[in-house]
Every structure is written in C-alpha cells, then in structure tokens.
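Have a look at upload.pdb below; it lists PDB, C-alpha atoms.
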ATOM      1  CA  MET A  26     120.614 139.505  94.829  1.00  0.00           C
ATOM      2  CA  GLY A  27     119.093 136.065  94.324  1.00  0.00           C
ATOM      3  CA  TRP A  28     118.444 133.665  97.179  1.00  0.00           C
ATOM      4  CA  TRP A  29     120.896 131.149  95.719  1.00  0.00           C
ATOM      5  CA  ILE A  30     123.746 133.664  96.068  1.00  0.00           C
ATOM      6  CA  TRP A  31     122.880 134.041  99.757  1.00  0.00           C
ATOM      7  CA  VAL A  32     122.947 130.230 100.163  1.00  0.00           C
ATOM      8  CA  ILE A  33     126.326 129.935  98.445  1.00  0.00           C
ATOM      9  CA  ARG A  34     127.791 132.737 100.552  1.00  0.00           C
ATOM     10  CA  SER A  35     126.493 131.261 103.808  1.00  0.00           C
ATOM     11  CA  ILE A  36     127.776 127.777 102.936  1.00  0.00           C
ATOM     12  CA  SER A  37     131.204 129.065 101.963  1.00  0.00           C
ATOM     13  CA  ALA A  38     131.340 131.167 105.152  1.00  0.00           C
ATOM     14  CA  SER A  39     130.462 128.156 107.313  1.00  0.00           C
ATOM     15  CA  ILE A  40     133.069 126.022 105.547  1.00  0.00           C
ATOM     16  CA  ARG A  41     135.684 128.734 106.035  1.00  0.00           C
ATOM     17  CA  ASN A  42     134.826 129.121 109.723  1.00  0.00           C
ATOM     18  CA  GLU A  43     134.597 125.401 110.437  1.00  0.00           C
ATOM     19  CA  PHE A  44     137.946 123.860 109.554  1.00  0.00           C
ATOM     20  CA  ALA A  45     137.566 121.209 112.257  1.00  0.00           C
ATOM     21  CA  ARG A  46     134.692 119.722 114.219  1.00  0.00           C
ATOM     22  CA  GLY A  47     135.851 117.978 117.371  1.00  0.00           C
ATOM     23  CA  ASN A  48     138.324 115.256 116.451  1.00  0.00           C
ATOM     24  CA  CYS A  49     137.359 115.406 112.747  1.00  0.00           C
ATOM     25  CA  HIS A  50     139.731 117.626 110.824  1.00  0.00           C
ATOM     26  CA  ILE A  51     139.978 118.268 107.097  1.00  0.00           C
ATOM     27  CA  ASN A  52     143.690 117.436 107.205  1.00  0.00           C
ATOM     28  CA  GLY A  53     142.768 113.947 108.413  1.00  0.00           C
ATOM     29  CA  ILE A  54     140.663 113.355 105.323  1.00  0.00           C
ATOM     30  CA  GLU A  55     143.387 114.656 103.037  1.00  0.00           C
ATOM     31  CA  SER A  56     145.962 112.573 104.891  1.00  0.00           C
ATOM     32  CA  PHE A  57     143.913 109.392 104.451  1.00  0.00           C
ATOM     33  CA  ARG A  58     143.347 110.177 100.779  1.00  0.00           C
ATOM     34  CA  SER A  59     147.067 110.520 100.102  1.00  0.00           C
ATOM     35  CA  TYR A  60     147.808 107.398 102.184  1.00  0.00           C
ATOM     36  CA  ALA A  61     145.215 105.325 100.290  1.00  0.00           C
ATOM     37  CA  LYS A  62     146.379 106.683  96.953  1.00  0.00           C
ATOM     38  CA  ARG A  63     149.968 105.729  97.757  1.00  0.00           C
ATOM     39  CA  MET A  64     148.930 102.235  98.942  1.00  0.00           C
ATOM     40  CA  LEU A  65     146.678 101.549  95.947  1.00  0.00           C
ATOM     41  CA  ALA A  66     149.217 102.864  93.427  1.00  0.00           C
ATOM     42  CA  LYS A  67     151.308  99.758  94.108  1.00  0.00           C
ATOM     43  CA  PHE A  68     148.627  97.634  92.443  1.00  0.00           C
ATOM     44  CA  LYS A  69     148.563  99.757  89.257  1.00  0.00           C
ATOM     45  CA  GLY A  70     144.812  99.427  89.110  1.00  0.00           C
ATOM     46  CA  VAL A  71     142.315  97.531  91.221  1.00  0.00           C
ATOM     47  CA  PRO A  72     139.300  95.598  89.888  1.00  0.00           C
ATOM     48  CA  ARG A  73     136.037  97.414  90.532  1.00  0.00           C
ATOM     49  CA  HIS A  74     134.483  94.449  92.340  1.00  0.00           C
ATOM     50  CA  THR A  75     137.317  94.304  94.934  1.00  0.00           C
ATOM     51  CA  PHE A  76     137.976  98.032  95.298  1.00  0.00           C
ATOM     52  CA  HIS A  77     135.925  98.311  98.502  1.00  0.00           C
ATOM     53  CA  LEU A  78     138.043  95.565 100.100  1.00  0.00           C
ATOM     54  CA  HIS A  79     141.275  97.329  99.198  1.00  0.00           C
ATOM     55  CA  LEU A  80     139.875 100.589 100.555  1.00  0.00           C
ATOM     56  CA  LYS A  81     138.859  98.915 103.845  1.00  0.00           C
ATOM     57  CA  GLU A  82     142.370  97.494 104.185  1.00  0.00           C
ATOM     58  CA  CYS A  83     143.790 100.986 103.649  1.00  0.00           C
ATOM     59  CA  GLU A  84     141.400 102.293 106.306  1.00  0.00           C
ATOM     60  CA  PHE A  85     142.484  99.600 108.800  1.00  0.00           C
ATOM     61  CA  ARG A  86     146.169 100.190 108.144  1.00  0.00           C
ATOM     62  CA  PHE A  87     145.702 103.975 108.377  1.00  0.00           C
ATOM     63  CA  HIS A  88     143.983 103.762 111.772  1.00  0.00           C
ATOM     64  CA  HIS A  89     146.568 101.324 113.134  1.00  0.00           C
ATOM     65  CA  ARG A  90     149.704 102.679 111.437  1.00  0.00           C
ATOM     66  CA  GLU A  91     151.481 103.270 114.744  1.00  0.00           C
ATOM     67  CA  GLU A  92     150.825  99.730 116.005  1.00  0.00           C
ATOM     68  CA  ASN A  93     152.406  96.380 115.210  1.00  0.00           C
ATOM     69  CA  LEU A  94     149.919  94.995 112.672  1.00  0.00           C
ATOM     70  CA  TYR A  95     150.995  91.392 113.175  1.00  0.00           C
ATOM     71  CA  ASP A  96     150.129  91.524 116.878  1.00  0.00           C
ATOM     72  CA  LYS A  97     146.914  93.445 116.175  1.00  0.00           C
ATOM     73  CA  ILE A  98     145.689  90.904 113.615  1.00  0.00           C
ATOM     74  CA  LEU A  99     146.614  87.980 115.913  1.00  0.00           C
ATOM     75  CA  SER A 100     144.628  89.523 118.767  1.00  0.00           C
ATOM     76  CA  LEU A 101     141.630  90.149 116.482  1.00  0.00           C
ATOM     77  CA  LEU A 102     141.753  86.558 115.220  1.00  0.00           C
ATOM     78  CA  SER A 103     141.994  85.169 118.735  1.00  0.00           C
ATOM     79  CA  GLU A 104     138.910  87.188 119.757  1.00  0.00           C
ATOM     80  CA  ASN A 105     136.965  86.277 116.586  1.00  0.00           C
ATOM     81  CA  PRO A 106     138.245  82.981 115.155  1.00  0.00           C
ATOM     82  CA  LEU A 107     137.425  82.117 111.573  1.00  0.00           C
TER      83      LEU A 107
END
Take the structure in this file and express it as structure tokens.
Amino acid sequence: MGWWIWVIRSISASIRNEFARGNCHINGIESFRSYAKRMLAKFKGVPRHTFHLHLKECEFRFHHREENLYDKILSLLSENPL
C-alpha cells in the first residue's frame, strides 16, 4: 500500500469524524451557499468586478437575517458616519 493511500484514508476518516468544530458546522456553510445562490440568482448574473461586493452583502444579510436590517444599518451609520 502506497503512502498516498494512507494519507487519503486518514484525511477521509478525519473529515468523517469531524462534522463540526465548535460553532463551525458544515451545515452552516451549505446554508450560506444556498442563501447566497438564491440572493444572487435575482440578478441573473453579476459582473466579475462587483461580485465580491454582492457576496459581502449576502454575508451581512445572512448573519443578520433575524434582525431588522433598517435599524441595524442606521445604528452602524450613526456609529461610523460617511
């Protein structure tokens, strides 16, 4: 048996045994991916040079989806005015 087979088996075993690490869970990543995909599908394509901005907006909305975004943005703007 080659050493690379041992590496592949040990990596797959550690992935299988570690489904979550603390607060980080693989379902959270999959949940964000589906959320971002659903949000970005509304645009029917995003320019490459603004994609990172759209993705950051999806990240912000995902992390604050249970909150009132209007109040959250007003509080952020009052703390850090433009």
What's the separation between CA of Leu80 in chain A and CA of Ser56 in chain A, in Å to one decimal place? 14.1 Å
I'd like the neighbourhood of range 58-70 of chain A as a PyMOL selection string, where a residue qualifies if any of its atoms comes within 10 Å (using only C-alpha atoms), though same-chain residues fewer than 5 positions away should be ignored. chain A and resi 52-53+76+79-84+86-87
If you measure from CA of Thr75 in chain A to CA of Glu92 in chain A, what distance in Å do you get, rounded to one decimal? 25.6 Å
CA of Phe57 in chain A and CA of His74 in chain A are how many Å apart? 21.4 Å
To test the calculation: enclose all listed atoms of range 94-106 of chain A in a box whose edges run along x, y and z, add 4 Å on each side, then state centre and edge lengths in Å to one decimal, as lines of an AutoDock Vina configuration file.
center_x = 144.0
center_y = 89.0
center_z = 116.2
size_x = 22.0
size_y = 20.0
size_z = 15.1
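Once the PyMOL selection byres ((chain A and resi 97-107) around 12) is applied to the shown structure, the selection contains A:Glu82, A:Phe85, A:Arg86, A:His88, A:His89, A:Arg90, A:Glu91, A:Glu92, A:Asn93, A:Leu94, A:Tyr95, A:Asp96.
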Repair of range 75-104 of chain A at the level of N, CA and C atoms, as a tab-separated table (two decimals), in the frame of the given file:
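Final output, selection_30.tsv:
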chain	number	residue	atom	x	y	z
A	75	THR	N	136.55	94.48	93.70
A	75	THR	CA	137.32	94.30	94.93
A	75	THR	C	137.84	95.63	95.49
A	76	PHE	N	137.47	96.73	94.86
A	76	PHE	CA	137.98	98.03	95.30
A	76	PHE	C	137.60	98.33	96.75
A	77	HIS	N	136.36	98.01	97.13
A	77	HIS	CA	135.93	98.31	98.50
A	77	HIS	C	136.75	97.54	99.54
A	78	LEU	N	137.21	96.33	99.19
A	78	LEU	CA	138.04	95.56	100.10
A	78	LEU	C	139.43	96.20	100.25
A	79	HIS	N	139.98	96.65	99.15
A	79	HIS	CA	141.28	97.33	99.20
A	79	HIS	C	141.17	98.63	100.01
A	80	LEU	N	140.07	99.34	99.83
A	80	LEU	CA	139.88	100.59	100.56
A	80	LEU	C	139.71	100.33	102.05
A	81	LYS	N	139.00	99.26	102.43
A	81	LYS	CA	138.86	98.92	103.84
A	81	LYS	C	140.20	98.53	104.45
A	82	GLU	N	141.03	97.83	103.69
A	82	GLU	CA	142.37	97.49	104.18
A	82	GLU	C	143.18	98.77	104.41
A	83	CYS	N	143.09	99.71	103.48
A	83	CYS	CA	143.79	100.99	103.65
A	83	CYS	C	143.28	101.70	104.90
A	84	GLU	N	141.98	101.65	105.12
A	84	GLU	CA	141.40	102.29	106.31
A	84	GLU	C	141.94	101.64	107.58
A	85	PHE	N	141.97	100.31	107.62
A	85	PHE	CA	142.48	99.60	108.80
A	85	PHE	C	143.95	99.94	109.05
A	86	ARG	N	144.74	99.89	107.99
A	86	ARG	CA	146.17	100.19	108.14
A	86	ARG	C	146.40	101.65	108.54
A	87	PHE	N	145.57	102.55	108.04
A	87	PHE	CA	145.70	103.98	108.38
A	87	PHE	C	145.42	104.20	109.86
A	88	HIS	N	144.35	103.56	110.37
A	88	HIS	CA	143.98	103.76	111.77
A	88	HIS	C	144.94	103.07	112.74
A	89	HIS	N	145.66	102.07	112.26
A	89	HIS	CA	146.57	101.32	113.13
A	89	HIS	C	148.01	101.44	112.65
A	90	ARG	N	148.38	102.55	112.03
A	90	ARG	CA	149.70	102.68	111.44
A	90	ARG	C	150.81	102.81	112.47
A	91	GLU	N	150.47	103.14	113.70
A	91	GLU	CA	151.48	103.27	114.74
A	91	GLU	C	151.65	101.97	115.52
A	92	GLU	N	150.80	100.98	115.26
A	92	GLU	CA	150.82	99.73	116.00
A	92	GLU	C	151.51	98.63	115.20
A	93	ASN	N	151.88	97.56	115.88
A	93	ASN	CA	152.41	96.38	115.21
A	93	ASN	C	151.22	95.62	114.62
A	94	LEU	N	151.09	95.60	113.31
A	94	LEU	CA	149.92	95.00	112.67
A	94	LEU	C	149.85	93.49	112.89
A	95	TYR	N	150.98	92.84	112.96
A	95	TYR	CA	151.00	91.39	113.18
A	95	TYR	C	150.34	91.06	114.52
A	96	ASP	N	150.73	91.76	115.57
A	96	ASP	CA	150.13	91.52	116.88
A	96	ASP	C	148.66	91.91	116.90
A	97	LYS	N	148.31	92.99	116.22
A	97	LYS	CA	146.91	93.44	116.18
A	97	LYS	C	146.02	92.41	115.48
A	98	ILE	N	146.49	91.89	114.36
A	98	ILE	CA	145.69	90.90	113.62
A	98	ILE	C	145.58	89.61	114.41
A	99	LEU	N	146.67	89.18	115.08
A	99	LEU	CA	146.61	87.98	115.91
A	99	LEU	C	145.61	88.14	117.05
A	100	SER	N	145.59	89.31	117.68
A	100	SER	CA	144.63	89.52	118.77
A	100	SER	C	143.19	89.54	118.24
A	101	LEU	N	142.98	90.14	117.07
A	101	LEU	CA	141.63	90.15	116.48
A	101	LEU	C	141.18	88.74	116.10
A	102	LEU	N	142.11	87.93	115.58
A	102	LEU	CA	141.75	86.56	115.22
A	102	LEU	C	141.53	85.68	116.44
A	103	SER	N	142.23	85.95	117.53
A	103	SER	CA	141.99	85.17	118.74
A	103	SER	C	140.63	85.52	119.37
A	104	GLU	N	140.22	86.77	119.24
A	104	GLU	CA	138.91	87.19	119.76
A	104	GLU	C	137.78	86.69	118.87
